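Data block for upload08.cif (mmCIF, C-alpha atoms and all ligand atoms):
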```
data_run
loop_
_atom_site.label_atom_id
_atom_site.label_comp_id
_atom_site.auth_asym_id
_atom_site.auth_seq_id
_atom_site.Cartn_x
_atom_site.Cartn_y
_atom_site.Cartn_z
CA MET A 321 103.36 119.74 124.13
CA TYR A 322 105.92 118.53 121.57
CA MET A 323 108.12 115.74 122.92
CA LYS A 324 110.43 115.53 119.94
CA ASN A 325 113.27 113.92 121.77
CA LYS A 326 114.71 113.61 125.21
CA ASN A 327 116.57 116.89 124.88
CA ILE A 328 113.72 118.40 126.84
CA PRO A 329 114.15 117.30 130.45
CA LEU A 330 111.06 115.80 132.07
CA ASP A 331 111.07 118.52 134.74
CA GLU A 332 110.72 121.22 132.07
CA LEU A 333 107.77 119.40 130.54
CA LYS A 334 106.22 119.08 133.97
CA ASN A 335 106.69 122.81 134.59
CA ALA A 336 104.88 123.51 131.32
CA VAL A 337 101.98 121.24 132.36
CA VAL A 338 101.69 123.16 135.64
CA LYS A 339 101.90 126.52 133.83
CA GLY A 340 99.29 125.44 131.29
CA ARG A 341 96.80 124.52 133.97
CA LYS A 342 97.41 127.86 135.73
CA ASN A 343 96.69 129.57 132.39
CA GLY A 344 93.36 127.79 132.19
CA CYS A 345 94.22 124.87 129.89
CA ASN A 346 91.83 121.93 130.22
CA GLU A 347 93.27 119.56 127.64
CA LEU A 348 96.76 118.13 127.60
CA VAL A 349 98.05 117.02 124.18
CA LEU A 350 101.27 115.00 124.00
CA SER A 351 102.79 115.15 120.56
CA GLY A 352 106.15 114.62 118.93
CA GLY A 353 108.33 113.37 117.37
CA GLU A 354 106.92 110.22 118.89
CA PRO A 355 105.83 110.52 122.53
CA THR A 356 105.30 106.78 123.04
CA LEU A 357 109.05 106.28 122.72
CA TYR A 358 109.16 107.63 126.27
CA PRO A 359 106.46 105.76 128.17
CA ASN A 360 107.60 107.05 131.57
CA TYR A 361 107.22 110.63 130.30
CA ILE A 362 103.63 109.87 129.32
CA THR A 363 102.71 108.27 132.62
CA GLU A 364 104.35 111.01 134.69
CA LEU A 365 102.85 113.87 132.69
CA ILE A 366 99.34 112.40 132.70
CA ASP A 367 99.57 111.60 136.41
CA LEU A 368 100.58 115.22 136.99
CA GLY A 369 97.78 116.44 134.73
CA LYS A 370 95.24 114.38 136.67
CA SER A 371 96.47 115.82 139.98
CA LEU A 372 96.07 119.34 138.54
CA GLY A 373 92.56 118.76 137.19
CA TYR A 374 93.06 118.56 133.43
CA LYS A 375 89.87 117.29 131.80
CA LYS A 376 91.11 115.56 128.67
CA TYR A 377 94.28 113.91 127.34
CA ILE A 378 95.29 113.35 123.73
CA ILE A 379 98.34 111.34 122.67
CA GLN A 380 99.39 111.83 119.04
CA THR A 381 101.28 108.75 117.94
CA ASN A 382 102.36 106.44 115.15
CA GLY A 383 101.49 103.59 117.53
CA TYR A 384 105.04 102.32 118.03
CA GLY A 385 105.24 102.45 121.82
CA LEU A 386 101.69 101.21 122.24
CA SER A 387 102.54 98.10 120.26
CA GLN A 388 105.76 97.52 122.22
CA TYR A 389 105.00 98.40 125.83
CA ASP A 390 102.13 96.46 127.38
CA ASP A 391 102.60 98.43 130.63
CA LEU A 392 101.81 101.62 128.71
CA ILE A 393 98.62 100.13 127.25
CA ALA A 394 97.61 98.97 130.74
CA TYR A 395 98.29 102.44 132.18
CA ILE A 396 96.34 104.23 129.44
CA GLY A 397 93.49 101.75 129.77
CA ASN A 398 93.31 102.49 133.50
CA VAL A 399 93.29 106.25 132.90
CA ALA A 400 90.45 105.79 130.40
CA GLU A 401 88.28 104.16 133.07
CA ASP A 402 87.79 107.57 134.71
CA ASP A 403 89.17 110.20 132.34
CA ASP A 404 88.65 111.33 128.77
CA ILE A 405 91.69 110.08 126.87
CA CYS A 406 92.03 109.97 123.09
CA ILE A 407 94.74 108.27 121.09
CA SER A 408 95.29 110.06 117.80
CA PHE A 409 96.99 107.76 115.28
CA SER A 410 98.86 108.96 112.25
CA VAL A 411 97.71 106.75 109.35
CA HIS A 412 99.31 107.13 105.93
CA SER A 413 97.58 104.25 104.20
CA HIS A 414 95.58 101.06 104.67
CA ILE A 415 98.28 99.29 102.63
CA ALA A 416 101.26 98.22 104.72
CA SER A 417 103.94 98.87 102.10
CA ILE A 418 102.69 102.43 101.43
CA HIS A 419 102.33 103.28 105.12
CA ASP A 420 105.84 101.93 105.77
CA ASP A 421 107.31 103.85 102.82
CA VAL A 422 105.71 107.16 103.77
CA SER A 423 106.63 106.83 107.43
CA GLY A 424 110.14 105.68 106.52
CA ASN A 425 109.99 102.67 108.84
CA LYS A 426 109.64 99.06 107.77
CA GLY A 427 107.12 97.40 110.07
CA ALA A 428 105.41 100.71 110.94
CA PHE A 429 102.02 99.51 109.67
CA ASN A 430 102.20 96.33 111.75
CA ASN A 431 102.95 98.43 114.84
CA LEU A 432 100.11 100.81 114.00
CA SER A 433 97.48 98.11 113.49
CA ASP A 434 98.69 96.23 116.57
CA ALA A 435 98.41 99.42 118.65
CA MET A 436 94.93 100.22 117.30
CA ASN A 437 93.76 96.67 117.99
CA LYS A 438 94.97 97.03 121.58
CA ILE A 439 93.49 100.48 122.13
CA ILE A 440 90.07 99.49 120.76
CA LYS A 441 89.78 97.08 123.70
CA THR A 442 90.07 100.00 126.17
CA ASN A 443 87.75 102.92 126.91
CA CYS A 444 90.02 105.30 124.99
CA LYS A 445 88.61 107.13 122.02
CA ILE A 446 90.45 106.59 118.74
CA TYR A 447 91.22 109.57 116.52
CA THR A 448 93.08 109.26 113.24
CA ASN A 449 94.89 111.75 111.06
CA THR A 450 95.81 111.09 107.44
CA VAL A 451 97.85 113.72 105.63
CA VAL A 452 96.81 113.56 101.99
CA ASN A 453 99.78 112.94 99.73
CA ALA A 454 100.73 111.54 96.34
CA ARG A 455 100.88 107.96 97.66
CA ASN A 456 97.40 107.90 99.22
CA ILE A 457 95.24 110.47 97.41
CA ASP A 458 93.58 107.83 95.22
CA ASP A 459 92.87 105.57 98.20
CA LEU A 460 91.09 107.85 100.67
CA LYS A 461 87.82 105.91 100.41
CA ASP A 462 89.59 102.61 101.10
CA ILE A 463 91.49 104.19 103.98
CA SER A 464 88.23 105.44 105.49
CA ALA A 465 86.71 101.93 105.14
CA TYR A 466 89.73 100.47 106.94
CA LEU A 467 89.48 103.04 109.75
CA LYS A 468 85.76 102.46 110.26
CA LYS A 469 86.64 98.98 111.56
CA PHE A 470 88.27 100.66 114.55
CA ASN A 471 85.15 102.58 115.49
CA VAL A 472 87.02 105.88 115.30
CA SER A 473 85.53 108.97 116.93
CA ILE A 474 87.37 111.37 114.63
CA MET A 475 88.72 110.54 111.18
CA GLN A 476 90.74 113.53 110.04
CA PHE A 477 92.19 114.12 106.58
CA SER A 478 94.69 116.96 106.42
CA ILE A 479 96.26 119.17 103.82
CA MET A 480 100.01 118.69 103.75
CA HIS A 481 102.15 121.65 104.70
CA LEU A 482 105.80 121.38 103.83
CA LYS A 483 108.31 124.18 103.41
CA GLU A 484 109.35 122.73 100.08
CA GLU A 485 107.58 120.44 97.66
CA ASN A 486 108.73 116.86 97.53
CA GLU A 487 107.72 113.60 95.86
CA LEU A 488 104.73 113.29 98.22
CA SER A 489 103.29 116.71 97.37
CA VAL A 490 99.88 117.00 95.72
CA SER A 491 98.01 120.06 94.59
CA PHE A 492 95.73 121.75 97.12
CA THR A 493 92.84 121.57 94.64
CA ASP A 494 93.21 117.81 94.15
CA ALA A 495 93.52 117.16 97.89
CA VAL A 496 90.38 119.21 98.67
CA LYS A 497 88.45 117.40 95.92
CA ALA A 498 89.49 113.96 97.23
CA ILE A 499 88.55 114.87 100.81
CA ARG A 500 85.21 116.35 99.72
CA GLU A 501 84.34 113.05 98.05
CA LEU A 502 84.52 111.39 101.47
CA GLY A 503 81.66 113.59 102.64
CA CYS A 504 79.14 111.21 101.04
CA ILE A 505 80.49 108.03 102.63
CA VAL A 506 81.80 109.05 106.06
CA ASP A 507 79.52 110.37 108.80
CA ASN A 508 80.14 114.13 108.80
CA ASP A 509 80.18 114.14 112.62
CA ILE A 510 83.30 111.94 112.44
CA LEU A 511 84.95 113.25 109.26
CA LYS A 512 87.25 116.20 109.98
CA THR A 513 89.68 118.19 107.90
CA GLU A 514 92.70 120.36 108.56
CA GLY A 515 93.86 123.17 106.32
CA ILE A 516 90.59 123.62 104.38
CA PRO A 517 88.49 126.71 105.13
CA TYR A 518 84.68 126.81 105.26
CA CYS A 519 84.34 128.41 101.83
CA LEU A 520 85.71 125.22 100.24
CA LEU A 521 83.56 122.87 102.30
CA HIS A 522 80.11 124.13 101.42
CA GLY A 523 77.56 121.66 102.82
CA MET A 524 80.26 120.00 104.92
CA GLU A 525 81.04 122.92 107.21
CA LYS A 526 80.83 120.74 110.31
CA CYS A 527 83.86 118.82 108.96
CA VAL A 528 86.19 121.82 109.35
CA GLY A 529 88.42 120.33 112.04
CA GLU A 530 89.76 123.68 113.23
CA SER A 531 86.27 124.63 114.42
CA ALA A 532 86.61 122.01 117.18
CA TRP A 533 89.95 123.39 118.37
CA PRO A 534 90.02 125.18 121.73
CA ASN A 535 89.65 128.97 121.59
CA SER A 536 93.03 129.37 123.18
CA LEU A 537 96.06 127.16 122.75
CA ASP A 538 99.28 127.15 124.77
CA ILE A 539 102.22 125.28 123.28
CA TYR A 540 105.48 124.00 124.68
CA ASN A 541 108.24 122.83 122.37
CA GLU A 542 111.99 122.57 122.31
CA THR A 543 112.52 125.53 119.98
CA ASP A 544 110.15 128.16 121.27
CA ASN A 545 109.59 126.90 124.80
CA TYR A 546 106.28 128.06 126.22
CA LEU A 547 103.97 130.00 123.88
CA HIS A 548 100.78 131.35 125.44
CA ASP A 549 97.65 131.81 123.32
CA PHE A 550 99.42 130.54 120.22
CA LYS A 551 97.66 131.27 116.93
CA GLN A 552 98.87 129.80 113.63
CA LEU A 553 97.65 132.88 111.74
CA ASP A 554 99.63 135.29 113.94
CA TYR A 555 102.65 133.03 113.69
CA GLY A 556 102.59 133.18 109.86
CA MET A 557 101.79 129.50 109.41
CA ARG A 558 98.38 130.33 107.89
CA LYS A 559 97.10 132.92 105.44
CA LYS A 560 93.79 134.46 104.50
CA MET A 561 92.70 136.76 101.67
CA THR A 562 92.27 140.49 102.23
CA SER A 563 88.60 140.03 101.28
CA CYS A 564 88.17 137.56 104.16
CA ASP A 565 87.24 140.47 106.41
CA LYS A 566 83.89 140.53 104.56
CA CYS A 567 83.21 136.85 105.25
CA ILE A 568 80.76 135.83 107.96
CA MET A 569 83.19 133.08 109.03
CA ASP A 570 86.16 135.44 109.34
CA LYS A 571 86.28 135.47 113.14
CA ILE A 572 86.51 131.70 113.47
CA CYS A 573 88.23 130.80 110.19
CA MET A 574 91.94 129.99 110.30
CA GLY A 575 92.44 130.21 106.53
CA VAL A 576 94.85 127.91 104.69
CA TRP A 577 98.44 126.82 105.26
CA LYS A 578 100.69 129.53 103.88
CA GLU A 579 102.23 126.94 101.52
CA THR A 580 98.84 126.44 99.82
CA TYR A 581 97.84 130.11 99.78
CA GLY A 582 99.02 130.70 96.19
CA GLU A 583 96.75 127.99 94.86
CA PHE A 584 93.89 129.01 97.15
CA SER A 585 94.00 132.69 96.18
CA ALA A 586 94.07 131.72 92.49
CA MET A 587 90.70 130.00 92.99
CA LYS A 588 89.10 133.47 93.27
CA ILE A 589 86.86 132.36 96.10
CA HIS A 590 84.19 134.81 97.22
CA PRO A 591 83.79 135.43 100.94
CA ILE A 592 80.69 133.86 102.49
CA MET A 593 78.10 136.62 102.93
S1 LIG B 1 87.27 133.83 106.05
FE1 LIG B 1 88.17 133.66 104.01
S2 LIG B 1 89.17 131.68 103.96
FE2 LIG B 1 87.75 131.69 105.67
S3 LIG B 1 85.83 130.81 104.89
FE3 LIG B 1 85.69 133.02 104.67
S4 LIG B 1 86.44 133.44 102.59
FE4 LIG B 1 87.11 131.39 103.14
#
```

Target format structure tokens, applied to this file:
Amino acid sequence: MYMKNKNIPLDELKNAVVKGRKNGCNELVLSGGEPTLYPNYITELIDLGKSLGYKKYIIQTNGYGLSQYDDLIAYIGNVAEDDDICISFSVHSHIASIHDDVSGNKGAFNNLSDAMNKIIKTNCKIYTNTVVNARNIDDLKDISAYLKKFNVSIMQFSIMHLKEENELSVSFTDAVKAIRELGCIVDNDILKTEGIPYCLLHGMEKCVGESAWPNSLDIYNETDNYLHDFKQLDYGMRKKMTSCDKCIMDKICMGVWKETYGEFSAMKIHPIM
């Protein structure tokens, strides 16, 4: 559920939560924009989810609202006493000035670290996601060392997907290489990726983050409203090679972001037989 701004009335979000549960959804993910800007939305939607029998909650955040609203931390901590709740932090760097620059907000790193220090004292699980870019690609090992201090359950490093290249863009090949190098120093049960298919993670297949995604995904956002059984491949966000139909991973592989397909196809990768 994408809570990009308050243009989506709370009642519509609630209707989507009800619809999702009727469709068999077990996990409720609150994303953005920045969902913690609207703490009452979070509490009301999770309360509703609990009454409907959802089994897991994930809040994707830059940490802002968790650093500002102690009531929200207290609420989430209470939920975590009985329910599976994960806070997924977006981390651009372990260096404050870089994190602030990439996020475009001065003070963002202080808010992030404050929020993580608060959440670690609760029963919530901590997930992190770092999109690999030109400002952090040389620091992934240091970022992983910083994140280990927070006892993270999932440390994800993702391939960037932007419609157009910008000053943060890096090549797909370089990003894959940098992430692969983490395989030796981060527990592969914790290390996850996004946007890298199995054929490029030989020996690290368990790190393919998409393999942990639910089989079926319903999405609610401001633009498309409710999408049932949403698949990035069908929606044109991902691409695979024509030869992928010969690969033993074809059925579960989501391929690469369409923006990185040109580079990927030029690698002349052979399907896994
Ligand atoms: S299906 Fe295609 S993209 Fe996926 S692992 Fe196999 S060869 Fe790679």

Subject >> Nearby residues (only C-alpha atoms) at most 8 Å from Val411 in chain A, same-chain spacing under 3 positions excluded, as a PyMOL selection string >> reply: chain A and resi 382+414+419+432+448-451

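Comparing A:Leu547, A:Ile396, A:Cys519, A:Leu333 by their smallest distance to Val496 in chain A, the closest is A:Cys519 (using all atoms listed in the file).
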
**OP:** Find, counting all atoms listed in the file, the residue in A:Asn360, A:Thr381, A:Thr562, A:Thr580 that gets nearest to ligand LIG 1 (chain B).
**Re:** A:Thr562

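Compared by their closest atoms to Ile446 in chain A, and using all atoms listed in the file, the residues A:Val490, A:Leu330, A:Ile463, A:Ala400 rank with A:Ala400 nearest.
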
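Using all atoms listed in the file, the nearest neighbour of Trp533 in chain A within the list A:Glu514, A:Asn425, A:Glu401, A:Ile505 is A:Glu514.
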
Original post:
Taking only C-alpha atoms into account, which of A:Glu579, A:Asp544, A:Asp565, A:Asp509 comes nearest Met524 in chain A?
Top reply: A:Asp509

**OP:** For ligand LIG 1 (chain B), collect every residue having any atom at a distance of at most 12 Å from a ligand atom (counting all atoms listed in the file); output as a ChimeraX atom specification.
**Re:** /A:515-522,525,528,530-531,553,558-578,580-581,584-585,587-593

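Take the candidates A:Ile457, A:Ile393, A:Val472, A:Leu511 and check each one against Asp494 in chain A using all atoms listed in the file; the shortest distance goes to A:Ile457.
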
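Residues with any atom within 10 Å of Gln388 in chain A, counting all atoms listed in the file and excluding same-chain neighbours fewer than 5 positions away, are A:Thr356, A:Leu357, A:Gly383, A:Ile393, A:Asn431, A:Asp434, A:Ala435.
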
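CA of Pro355 in chain A to CA of Asn535 in chain A spans 24.6 Å [interatomic distance, one decimal].
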
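The coordinates place CA of Gly503 in chain A at 24.9 Å from CA of Val422 in chain A.
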
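From CA of Ile379 in chain A back to CA of Ser408 in chain A, the distance works out to 5.9 Å.
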
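Residues lying within 8 Å of Ala495 in chain A, counting only C-alpha atoms and ignoring same-chain neighbours fewer than 3 positions away, are Val452, Asn453, Ile457, Ile479, Val490, Ser491, Phe492, Ala498 and Ile499 of chain A.
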
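The environment of Leu350 in chain A within 10 Å, counting all atoms listed in the file and disregarding residues fewer than 5 places along the same chain, consists of Met321, Tyr322, Met323, Pro355, Thr356, Tyr361, Ile362, Leu365, Ile366, Tyr377, Ile378, Ile379, Gln380, Thr381, Ile407, Ser408 and Tyr540 of chain A.
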
Original post:
Can you list, as a PyMOL selection string, every protein, DNA or RNA residue that comes within 8 Å of Leu537 in chain A when you count all atoms listed in the file, leaving out same-chain residues fewer than 5 positions away?
Top reply: chain A and resi 345+548-551

Grab the residues selected above and save them as a PDB file, in the coordinates of the input with C-alpha atoms.
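File produced: out_1.pdb:
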```
ATOM      1  CA  CYS A 345      94.220 124.870 129.890  1.00  0.00           C
ATOM      2  CA  HIS A 548     100.780 131.350 125.440  1.00  0.00           C
ATOM      3  CA  ASP A 549      97.650 131.810 123.320  1.00  0.00           C
ATOM      4  CA  PHE A 550      99.420 130.540 120.220  1.00  0.00           C
ATOM      5  CA  LYS A 551      97.660 131.270 116.930  1.00  0.00           C
TER       6      LYS A 551
END
```

**OP:** Enumerate, as JSON, numbers by chain, the protein, DNA and RNA residues whose atoms approach (101.0, 125.1, 128.7) to within 10 Å, taking into account only C-alpha atoms and the coordinate frame of the file.
**Re:** {"A": [321, 333, 334, 335, 336, 337, 338, 339, 340, 341, 342, 343, 344, 345, 346, 347, 348, 349, 537, 538, 539, 540, 541, 545, 546, 547, 548, 549]}
